[in-house]
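Source file input.cif; content: mmCIF, C-alpha atoms and all ligand atoms.
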data_run
loop_
_atom_site.group_PDB
_atom_site.id
_atom_site.type_symbol
_atom_site.label_atom_id
_atom_site.label_comp_id
_atom_site.auth_asym_id
_atom_site.auth_seq_id
_atom_site.Cartn_x
_atom_site.Cartn_y
_atom_site.Cartn_z
ATOM 1 C CA MET A 1 -17.942 -2.285 -9.452
ATOM 2 C CA ALA A 2 -20.251 -0.360 -7.091
ATOM 3 C CA SER A 3 -19.673 3.363 -7.021
ATOM 4 C CA ALA A 4 -17.479 4.868 -4.332
ATOM 5 C CA ALA A 5 -16.353 8.399 -3.631
ATOM 6 C CA PRO A 6 -13.690 9.452 -6.151
ATOM 7 C CA VAL A 7 -10.252 9.405 -4.617
ATOM 8 C CA ALA A 8 -8.062 12.472 -4.904
ATOM 9 C CA GLU A 9 -4.791 11.697 -6.603
ATOM 10 C CA PRO A 10 -2.300 11.393 -3.738
ATOM 11 C CA GLN A 11 1.118 12.987 -3.795
ATOM 12 C CA GLN A 12 3.606 10.645 -5.324
ATOM 13 C CA TRP A 13 7.362 10.560 -4.966
ATOM 14 C CA GLN A 14 8.922 11.840 -8.177
ATOM 15 C CA PRO A 15 11.410 9.263 -9.410
ATOM 16 C CA PRO A 16 14.443 10.423 -11.410
ATOM 17 C CA ALA A 17 14.100 10.293 -15.219
ATOM 18 C CA GLY A 18 14.841 6.935 -16.823
ATOM 19 C CA PRO A 19 13.253 3.491 -16.719
ATOM 20 C CA ALA A 20 11.418 2.189 -13.645
ATOM 21 C CA ILE A 21 13.158 -1.182 -14.072
ATOM 22 C CA LEU A 22 16.124 -2.148 -16.199
ATOM 23 C CA PHE A 23 17.479 -5.710 -16.431
ATOM 24 C CA GLU A 24 20.805 -6.103 -18.249
ATOM 25 C CA ASP A 25 22.041 -9.626 -18.978
ATOM 26 C CA VAL A 26 20.670 -11.004 -15.739
ATOM 27 C CA SER A 27 21.265 -14.677 -14.916
ATOM 28 C CA ILE A 28 20.409 -16.721 -11.834
ATOM 29 C CA GLY A 29 20.291 -20.414 -10.980
ATOM 30 C CA PHE A 30 19.763 -22.568 -7.931
ATOM 31 C CA GLU A 31 21.868 -25.555 -6.896
ATOM 32 C CA GLY A 32 23.666 -25.527 -10.217
ATOM 33 C CA LYS A 33 20.446 -25.417 -12.234
ATOM 34 C CA PRO A 34 20.092 -22.280 -14.373
ATOM 35 C CA VAL A 35 16.684 -20.586 -14.072
ATOM 36 C CA LEU A 36 17.063 -17.240 -15.877
ATOM 37 C CA ASP A 37 19.695 -16.897 -18.578
ATOM 38 C CA ARG A 38 20.920 -13.437 -19.650
ATOM 39 C CA ILE A 39 17.587 -11.645 -19.373
ATOM 40 C CA SER A 40 17.442 -8.016 -20.547
ATOM 41 C CA PHE A 41 14.359 -5.810 -20.646
ATOM 42 C CA LYS A 42 13.092 -2.398 -19.637
ATOM 43 C CA LEU A 43 9.963 -1.117 -17.903
ATOM 44 C CA GLU A 44 9.495 2.561 -18.724
ATOM 45 C CA GLN A 45 7.925 4.781 -16.050
ATOM 46 C CA GLY A 46 4.138 4.762 -16.223
ATOM 47 C CA ASP A 47 4.112 1.567 -18.283
ATOM 48 C CA THR A 48 2.776 -1.876 -17.423
ATOM 49 C CA ARG A 49 4.531 -5.045 -18.493
ATOM 50 C CA ILE A 50 2.740 -8.377 -18.258
ATOM 51 C CA LEU A 51 5.008 -11.343 -17.658
ATOM 52 C CA LEU A 52 3.863 -14.656 -19.128
ATOM 53 C CA GLY A 53 5.404 -18.121 -19.265
ATOM 54 C CA PRO A 54 4.888 -21.747 -18.254
ATOM 55 C CA ALA A 55 4.821 -22.816 -14.587
ATOM 56 C CA GLY A 56 8.232 -22.960 -12.945
ATOM 57 C CA VAL A 57 9.985 -20.931 -15.644
ATOM 58 C CA GLY A 58 11.228 -18.262 -13.226
ATOM 59 C CA LYS A 59 8.564 -15.530 -13.281
ATOM 60 C CA SER A 60 8.439 -15.122 -9.479
ATOM 61 C CA VAL A 61 12.223 -15.258 -9.341
ATOM 62 C CA LEU A 62 12.333 -12.363 -11.815
ATOM 63 C CA LEU A 63 9.958 -10.313 -9.643
ATOM 64 C CA LYS A 64 11.994 -11.045 -6.511
ATOM 65 C CA LEU A 65 15.150 -9.958 -8.331
ATOM 66 C CA ALA A 66 13.432 -6.672 -9.221
ATOM 67 C CA ASN A 67 12.888 -5.714 -5.583
ATOM 68 C CA GLY A 68 16.150 -7.126 -4.318
ATOM 69 C CA LEU A 69 14.731 -10.148 -2.457
ATOM 70 C CA LEU A 70 17.106 -12.242 -4.595
ATOM 71 C CA LYS A 71 20.518 -11.327 -6.030
ATOM 72 C CA PRO A 72 21.473 -12.339 -9.572
ATOM 73 C CA ASP A 73 24.521 -14.528 -10.237
ATOM 74 C CA SER A 74 25.505 -12.077 -12.971
ATOM 75 C CA GLY A 75 24.138 -9.016 -14.740
ATOM 76 C CA ARG A 76 22.749 -5.706 -13.487
ATOM 77 C CA ILE A 77 19.295 -4.727 -12.229
ATOM 78 C CA THR A 78 18.409 -1.064 -11.863
ATOM 79 C CA VAL A 79 15.211 0.295 -10.313
ATOM 80 C CA PHE A 80 14.607 4.050 -10.658
ATOM 81 C CA GLY A 81 18.283 4.416 -11.514
ATOM 82 C CA GLU A 82 19.552 2.573 -8.431
ATOM 83 C CA GLU A 83 21.398 -0.705 -8.838
ATOM 84 C CA VAL A 84 19.388 -3.092 -6.654
ATOM 85 C CA SER A 85 21.668 -5.982 -7.546
ATOM 86 C CA ALA A 86 24.501 -4.200 -5.689
ATOM 87 C CA MET A 87 22.557 -2.668 -2.779
ATOM 88 C CA ARG A 88 22.782 -3.569 0.891
ATOM 89 C CA GLU A 89 19.653 -4.459 2.872
ATOM 90 C CA GLN A 90 19.494 -1.007 4.491
ATOM 91 C CA GLU A 91 19.487 0.768 1.125
ATOM 92 C CA LEU A 92 16.981 -1.704 -0.283
ATOM 93 C CA PHE A 93 14.674 -0.949 2.627
ATOM 94 C CA ARG A 94 14.669 2.729 1.605
ATOM 95 C CA LEU A 95 14.051 1.943 -2.077
ATOM 96 C CA ARG A 96 11.214 -0.464 -1.223
ATOM 97 C CA HIS A 97 9.194 2.499 0.095
ATOM 98 C CA HIS A 98 8.548 3.196 -3.557
ATOM 99 C CA ILE A 99 7.791 -0.402 -4.548
ATOM 100 C CA GLY A 100 4.516 -2.158 -3.721
ATOM 101 C CA MET A 101 4.417 -5.933 -3.914
ATOM 102 C CA VAL A 102 1.378 -8.187 -4.238
ATOM 103 C CA PHE A 103 2.601 -11.669 -3.383
ATOM 104 C CA GLN A 104 1.180 -14.950 -4.719
ATOM 105 C CA GLU A 105 -2.074 -15.841 -2.944
ATOM 106 C CA GLY A 106 -2.084 -12.387 -1.327
ATOM 107 C CA ALA A 107 0.023 -13.632 1.600
ATOM 108 C CA LEU A 108 -1.834 -11.766 4.370
ATOM 109 C CA PHE A 109 -1.058 -12.301 8.056
ATOM 110 C CA ASP A 110 -3.936 -14.489 9.282
ATOM 111 C CA SER A 111 -3.859 -13.275 12.882
ATOM 112 C CA LEU A 112 -3.814 -9.553 12.083
ATOM 113 C CA THR A 113 -6.832 -7.398 11.280
ATOM 114 C CA VAL A 114 -7.227 -5.924 7.820
ATOM 115 C CA ARG A 115 -6.179 -2.565 9.281
ATOM 116 C CA ASP A 116 -2.933 -4.008 10.632
ATOM 117 C CA ASN A 117 -2.245 -6.043 7.484
ATOM 118 C CA VAL A 118 -2.597 -2.974 5.276
ATOM 119 C CA GLY A 119 -0.795 -0.696 7.746
ATOM 120 C CA TYR A 120 1.990 -3.165 8.556
ATOM 121 C CA GLN A 121 4.724 -1.352 6.654
ATOM 122 C CA LEU A 122 3.641 1.994 8.127
ATOM 123 C CA MET A 123 3.774 0.529 11.648
ATOM 124 C CA GLU A 124 7.311 -0.712 10.925
ATOM 125 C CA GLU A 125 8.200 2.830 9.905
ATOM 126 C CA HIS A 126 6.732 4.160 13.204
ATOM 127 C CA VAL A 127 4.177 6.331 11.442
ATOM 128 C CA PRO A 128 1.776 7.782 14.083
ATOM 129 C CA ASP A 129 -1.383 5.729 14.681
ATOM 130 C CA GLU A 130 -3.873 8.349 13.477
ATOM 131 C CA GLU A 131 -1.964 8.765 10.235
ATOM 132 C CA ILE A 132 -1.888 4.982 9.743
ATOM 133 C CA ASP A 133 -5.672 4.904 10.208
ATOM 134 C CA GLU A 134 -6.124 7.627 7.598
ATOM 135 C CA ARG A 135 -3.825 6.038 5.055
ATOM 136 C CA VAL A 136 -5.190 2.530 5.570
ATOM 137 C CA LYS A 137 -8.732 3.850 5.173
ATOM 138 C CA GLU A 138 -7.719 5.628 1.981
ATOM 139 C CA ALA A 139 -6.032 2.508 0.523
ATOM 140 C CA LEU A 140 -9.062 0.393 1.458
ATOM 141 C CA ARG A 141 -11.395 2.941 -0.123
ATOM 142 C CA VAL A 142 -9.565 2.489 -3.439
ATOM 143 C CA VAL A 143 -10.329 -1.246 -3.323
ATOM 144 C CA GLU A 144 -13.820 -0.578 -1.910
ATOM 145 C CA LEU A 145 -13.255 -2.405 1.360
ATOM 146 C CA GLU A 146 -13.175 0.414 3.908
ATOM 147 C CA HIS A 147 -15.826 -1.389 5.976
ATOM 148 C CA THR A 148 -13.505 -4.351 6.665
ATOM 149 C CA MET A 149 -10.865 -2.574 8.832
ATOM 150 C CA GLU A 150 -11.530 -4.633 11.951
ATOM 151 C CA LYS A 151 -12.058 -8.010 10.291
ATOM 152 C CA VAL A 152 -9.416 -10.742 10.058
ATOM 153 C CA PRO A 153 -8.584 -12.374 6.701
ATOM 154 C CA SER A 154 -10.529 -15.581 7.471
ATOM 155 C CA GLU A 155 -13.737 -13.516 7.580
ATOM 156 C CA LEU A 156 -13.239 -12.364 3.981
ATOM 157 C CA SER A 157 -13.801 -14.088 0.631
ATOM 158 C CA GLY A 158 -10.813 -15.006 -1.562
ATOM 159 C CA GLY A 159 -11.437 -12.011 -3.826
ATOM 160 C CA MET A 160 -11.695 -9.627 -0.860
ATOM 161 C CA ARG A 161 -8.422 -10.942 0.549
ATOM 162 C CA ARG A 162 -6.744 -10.242 -2.784
ATOM 163 C CA ARG A 163 -8.149 -6.700 -2.717
ATOM 164 C CA VAL A 164 -6.695 -6.231 0.775
ATOM 165 C CA ALA A 165 -3.335 -7.407 -0.600
ATOM 166 C CA ILE A 166 -3.555 -4.712 -3.280
ATOM 167 C CA ALA A 167 -4.443 -2.081 -0.657
ATOM 168 C CA ARG A 168 -1.417 -3.184 1.368
ATOM 169 C CA ALA A 169 0.833 -2.907 -1.697
ATOM 170 C CA VAL A 170 -0.262 0.652 -2.477
ATOM 171 C CA VAL A 171 -0.673 2.094 1.050
ATOM 172 C CA SER A 172 2.688 3.858 0.843
ATOM 173 C CA ASN A 173 1.745 5.312 -2.554
ATOM 174 C CA PRO A 174 4.503 3.496 -4.463
ATOM 175 C CA ALA A 175 5.622 4.565 -7.925
ATOM 176 C CA LEU A 176 6.063 0.898 -8.926
ATOM 177 C CA VAL A 177 3.883 -2.130 -8.155
ATOM 178 C CA LEU A 178 4.954 -5.743 -8.674
ATOM 179 C CA TYR A 179 2.029 -8.166 -8.898
ATOM 180 C CA ASP A 180 2.710 -11.897 -8.581
ATOM 181 C CA SER A 181 -0.336 -13.672 -10.043
ATOM 182 C CA PRO A 182 -2.916 -11.390 -8.389
ATOM 183 C CA THR A 183 -5.801 -13.500 -9.728
ATOM 184 C CA GLY A 184 -4.270 -16.943 -9.092
ATOM 185 C CA GLY A 185 -6.869 -19.396 -7.764
ATOM 186 C CA LEU A 186 -9.829 -17.024 -8.250
ATOM 187 C CA ASP A 187 -12.892 -17.634 -10.426
ATOM 188 C CA PRO A 188 -13.139 -15.661 -13.702
ATOM 189 C CA ILE A 189 -15.620 -13.052 -12.415
ATOM 190 C CA THR A 190 -13.664 -12.306 -9.246
ATOM 191 C CA SER A 191 -10.476 -12.213 -11.334
ATOM 192 C CA THR A 192 -11.966 -9.467 -13.464
ATOM 193 C CA THR A 193 -12.743 -7.357 -10.373
ATOM 194 C CA ILE A 194 -9.087 -7.718 -9.354
ATOM 195 C CA ILE A 195 -7.839 -6.812 -12.836
ATOM 196 C CA GLU A 196 -10.127 -3.779 -12.727
ATOM 197 C CA LEU A 197 -8.216 -2.607 -9.633
ATOM 198 C CA VAL A 198 -4.890 -3.211 -11.363
ATOM 199 C CA VAL A 199 -6.122 -1.132 -14.320
ATOM 200 C CA LYS A 200 -7.223 1.556 -11.845
ATOM 201 C CA GLN A 201 -3.708 1.635 -10.375
ATOM 202 C CA ARG A 202 -2.324 1.970 -13.891
ATOM 203 C CA ASP A 203 -4.699 4.637 -15.217
ATOM 204 C CA VAL A 204 -5.741 6.678 -12.171
ATOM 205 C CA PHE A 205 -2.577 6.557 -10.070
ATOM 206 C CA ARG A 206 -0.210 6.154 -13.045
ATOM 207 C CA ARG A 207 1.942 3.618 -11.290
ATOM 208 C CA SER A 208 4.494 1.626 -13.256
ATOM 209 C CA SER A 209 3.871 -2.076 -12.903
ATOM 210 C CA LEU A 210 5.140 -5.516 -13.687
ATOM 211 C CA MET A 211 2.502 -8.227 -13.418
ATOM 212 C CA ILE A 212 2.777 -11.980 -13.600
ATOM 213 C CA THR A 213 -0.343 -13.774 -14.715
ATOM 214 C CA HIS A 214 -1.233 -17.349 -15.622
ATOM 215 C CA ARG A 215 -4.527 -16.207 -17.061
ATOM 216 C CA LEU A 216 -4.133 -14.928 -20.568
ATOM 217 C CA GLN A 217 -7.610 -13.511 -20.384
ATOM 218 C CA ASP A 218 -6.507 -11.142 -17.577
ATOM 219 C CA ALA A 219 -3.673 -9.954 -19.768
ATOM 220 C CA PHE A 220 -5.986 -9.136 -22.639
ATOM 221 C CA VAL A 221 -8.546 -7.476 -20.356
ATOM 222 C CA MET A 222 -5.735 -5.194 -19.178
ATOM 223 C CA ALA A 223 -4.664 -4.402 -22.711
ATOM 224 C CA MET A 224 -8.185 -3.738 -24.013
ATOM 225 C CA ASN A 225 -9.604 -1.622 -21.183
ATOM 226 C CA ARG A 226 -9.065 1.702 -19.468
ATOM 227 C CA TYR A 227 -10.321 3.026 -16.168
ATOM 228 C CA ASN A 228 -13.090 5.605 -16.296
ATOM 229 C CA GLU A 229 -12.496 7.607 -13.138
ATOM 230 C CA LYS A 230 -15.761 9.549 -13.305
ATOM 231 C CA GLU A 231 -17.858 6.415 -13.458
ATOM 232 C CA ASN A 232 -15.486 4.497 -11.200
ATOM 233 C CA ARG A 233 -15.311 1.464 -13.435
ATOM 234 C CA MET A 234 -13.288 -0.110 -16.176
ATOM 235 C CA GLU A 235 -14.479 0.252 -19.767
ATOM 236 C CA LEU A 236 -13.466 -1.178 -23.115
ATOM 237 C CA LEU A 237 -11.205 0.926 -25.306
ATOM 238 C CA PRO A 238 -12.625 1.695 -28.751
ATOM 239 C CA GLU A 239 -12.681 -1.372 -30.967
ATOM 240 C CA GLY A 240 -9.375 -2.124 -32.636
ATOM 241 C CA THR A 241 -7.326 -0.182 -30.063
ATOM 242 C CA VAL A 242 -5.349 -1.346 -27.057
ATOM 243 C CA ASP A 243 -3.615 0.429 -24.180
ATOM 244 C CA ASP A 244 -0.283 1.339 -25.716
ATOM 245 C CA ARG A 245 1.470 1.575 -22.346
ATOM 246 C CA THR A 246 0.751 -2.099 -21.610
ATOM 247 C CA SER A 247 3.074 -4.620 -23.228
ATOM 248 C CA PHE A 248 4.298 -8.172 -22.792
ATOM 249 C CA LEU A 249 7.274 -10.253 -21.761
ATOM 250 C CA MET A 250 7.359 -14.013 -22.105
ATOM 251 C CA LEU A 251 9.823 -16.471 -20.597
ATOM 252 C CA ASN A 252 10.515 -19.982 -21.771
ATOM 253 C CA GLU A 253 13.317 -22.322 -20.706
ATOM 254 C CA GLY A 254 15.241 -19.538 -18.989
ATOM 255 C CA LYS A 255 15.157 -17.178 -21.954
ATOM 256 C CA LEU A 256 13.117 -14.086 -22.710
ATOM 257 C CA VAL A 257 11.345 -15.300 -25.861
ATOM 258 C CA PHE A 258 9.067 -12.283 -26.336
ATOM 259 C CA ASP A 259 9.330 -8.561 -25.527
ATOM 260 C CA GLY A 260 6.786 -6.428 -27.318
ATOM 261 C CA SER A 261 3.311 -5.034 -27.870
ATOM 262 C CA THR A 262 -0.093 -6.708 -27.635
ATOM 263 C CA HIS A 263 -0.361 -6.524 -31.420
ATOM 264 C CA ASP A 264 3.001 -8.236 -31.936
ATOM 265 C CA LEU A 265 2.149 -10.910 -29.370
ATOM 266 C CA VAL A 266 -1.157 -11.743 -30.998
ATOM 267 C CA HIS A 267 0.399 -11.825 -34.467
ATOM 268 C CA SER A 268 3.584 -13.667 -33.528
ATOM 269 C CA ASP A 269 4.377 -16.590 -35.820
ATOM 270 C CA ASP A 270 6.759 -18.139 -33.303
ATOM 271 C CA PRO A 271 5.356 -21.660 -32.757
ATOM 272 C CA PHE A 272 5.797 -21.605 -28.953
ATOM 273 C CA ILE A 273 4.176 -18.185 -28.560
ATOM 274 C CA SER A 274 1.248 -18.874 -30.856
ATOM 275 C CA ARG A 275 0.599 -22.189 -29.071
ATOM 276 C CA TYR A 276 0.801 -20.447 -25.693
ATOM 277 C CA ILE A 277 -1.642 -17.688 -26.555
ATOM 278 C CA ARG A 278 -4.099 -20.029 -28.192
HETATM 279 N N1 LIG A 301 14.884 -19.685 -3.249
HETATM 280 C C1 LIG A 301 14.957 -20.705 -4.122
HETATM 281 N N2 LIG A 301 15.812 -21.735 -3.912
HETATM 282 C C2 LIG A 301 15.908 -22.759 -4.789
HETATM 283 N N3 LIG A 301 15.185 -22.846 -5.926
HETATM 284 C C3 LIG A 301 14.318 -21.851 -6.183
HETATM 285 C C4 LIG A 301 14.157 -20.731 -5.303
HETATM 286 N N4 LIG A 301 13.226 -19.888 -5.827
HETATM 287 C C5 LIG A 301 12.832 -20.468 -6.986
HETATM 288 N N5 LIG A 301 13.471 -21.628 -7.196
HETATM 289 C C6 LIG A 301 13.290 -22.489 -8.374
HETATM 290 O O1 LIG A 301 13.337 -21.659 -9.522
HETATM 291 C C7 LIG A 301 12.436 -22.132 -10.502
HETATM 292 C C8 LIG A 301 11.509 -21.014 -10.936
HETATM 293 O O2 LIG A 301 10.603 -20.722 -9.883
HETATM 294 P P1 LIG A 301 9.494 -19.587 -9.970
HETATM 295 O O3 LIG A 301 8.723 -19.669 -8.699
HETATM 296 O O4 LIG A 301 10.126 -18.295 -10.313
HETATM 297 O O5 LIG A 301 8.623 -20.051 -11.202
HETATM 298 P P2 LIG A 301 7.297 -19.377 -11.783
HETATM 299 O O6 LIG A 301 7.524 -19.182 -13.228
HETATM 300 O O7 LIG A 301 6.935 -18.183 -10.971
HETATM 301 O O8 LIG A 301 6.262 -20.561 -11.535
HETATM 302 P P3 LIG A 301 4.680 -20.541 -11.281
HETATM 303 O O9 LIG A 301 4.086 -20.082 -12.565
HETATM 304 O O10 LIG A 301 4.370 -21.972 -10.996
HETATM 305 O O11 LIG A 301 4.404 -19.639 -10.128
HETATM 306 C C9 LIG A 301 11.725 -23.339 -9.903
HETATM 307 O O12 LIG A 301 12.347 -24.511 -10.341
HETATM 308 C C10 LIG A 301 11.917 -23.146 -8.416
HETATM 309 O O13 LIG A 301 11.915 -24.360 -7.739
#
Step by step, read the file and then write its structure as structure tokens.
Ligand SMILES: Nc1ncnc2c1ncn2[C@@H]1O[C@H](COP(=O)(O)OP(=O)(O)OP(=O)(O)O)[C@@H](O)[C@H]1O
Amino acid sequence: MASAAPVAEPQQWQPPAGPAILFEDVSIGFEGKPVLDRISFKLEQGDTRILLGPAGVGKSVLLKLANGLLKPDSGRITVFGEEVSAMREQELFRLRHHIGMVFQEGALFDSLTVRDNVGYQLMEEHVPDEEIDERVKEALRVVELEHTMEKVPSELSGGMRRRVAIARAVVSNPALVLYDSPTGGLDPITSTTIIELVVKQRDVFRRSSLMITHRLQDAFVMAMNRYNEKENRMELLPEGTVDDRTSFLMLNEGKLVFDGSTHDLVHSDDPFISRYIR
């Protein structure tokens, strides 16, 4: 990506020790139809977990459970040590300051400018205008779109809109980012520019993240690259190595059928998994 001024590492809230996300025996269904069945997994702080699985298997539902938008029928979900599955809306609101969410298709407000889309949460929190401008500019600089402040989403390309969605997710400097298919519907080249930003969030800002993707190639690009901050671009890790803080989860028919490293995923002899990754 084109070079931009290096961004100073912003101050980040220090979460308590322990996993960023912990699911323990979590189940949920809708209208009597089970969707997730006794799911347990952990996301350690600073790690990235990539969530794979066929369409309709419950990946978005899992993400919504993680930030309390949905409540499980049974089981426990803890985020930074707080039990989101038992929290009231008011408490969730406080915890969500530390969670950035990139929704499917970006989900920007069409009638608002880029500045107001990115600064929306800050406006809700009654942050003073000048500070919003500063923070929005900073978040847009990270995604190299600081020149688009006054545009509306319809004036941007699909890839640019997705970059705005990432800026919006990280404007409050969250310790955890949840990405729901950040490259969905984009062409392969634009997808790679988006994945580069996700890698930047992982390696430069050290955010924990959980990312859904339908594109296996994105998953492997994330595992095989690191962000070079000096050169402001992503680069391949030395041959034969992968990012050891990036690992995989795979859902199938309501169950977690894989929870492990890139190496174990690639070498799995489970017929469903090997078919999926081929
Ligand atoms: N709020 C809801 N009310 C009723 N059913 C729901 C609700 N949210 C999700 N579902 C159902 O749960 C199932 C899983 O949906 P989900 O969107 O999580 O799948 P997904 O794995 O993210 O799919 P995709 O890969 O296509 O995005 C689907 O059958 C969906 O219709």
Using all atoms listed in the file, determine which residues lie at most 9 Å from Thr148 of chain A, disregarding the query and same-chain residues fewer than 4 positions distant; provide the list as a VMD selection string. chain A and resid 113 to 115 140 152 156
What do you get, as an NGL selection string, if you spell out every residue that the PyMOL selection byres (((chain A and resi 54) around 12) and not hetatm) selects here? :A and (51-53 or 55-60 or 212-216 or 250-255 or 257 or 272-273 or 275-277)
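Of the listed residues (A:Asn232, A:Ser74, A:Ser268, A:Ser247), A:Ser247 comes nearest to Ser208 of chain A; the distances count all atoms listed in the file.
The neighbours of Ser85 of chain A here are the residues that come within 7 Å of it, using only C-alpha atoms and leaving out any residue fewer than 6 positions away in the same chain; they are Gly68, Lys71, Pro72, Arg76 and Ile77 of chain A.
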From A:Asp25, A:Asp116, A:Asp203, A:Asp37, residue lying nearest ligand LIG 301 (chain A) [all atoms listed in the file]: A:Asp37
Set the distance at 10 Å and use all atoms listed in the file: which residues neighbour Glu105 of chain A once local chain neighbours fewer than 4 positions away are removed? I'd like the list as a short mmCIF file (atom, residue, chain, number, x, y, z; two decimals) with C-alpha atoms, in the frame of the given file.
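Final output, result-v3.cif:
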data_model
loop_
_atom_site.label_atom_id
_atom_site.label_comp_id
_atom_site.auth_asym_id
_atom_site.auth_seq_id
_atom_site.Cartn_x
_atom_site.Cartn_y
_atom_site.Cartn_z
CA GLY A 158 -10.81 -15.01 -1.56
CA ARG A 161 -8.42 -10.94 0.55
CA ARG A 162 -6.74 -10.24 -2.78
CA ALA A 165 -3.34 -7.41 -0.60
CA ASP A 180 2.71 -11.90 -8.58
CA SER A 181 -0.34 -13.67 -10.04
CA PRO A 182 -2.92 -11.39 -8.39
CA THR A 183 -5.80 -13.50 -9.73
CA GLY A 184 -4.27 -16.94 -9.09
CA GLY A 185 -6.87 -19.40 -7.76
CA LEU A 186 -9.83 -17.02 -8.25
#
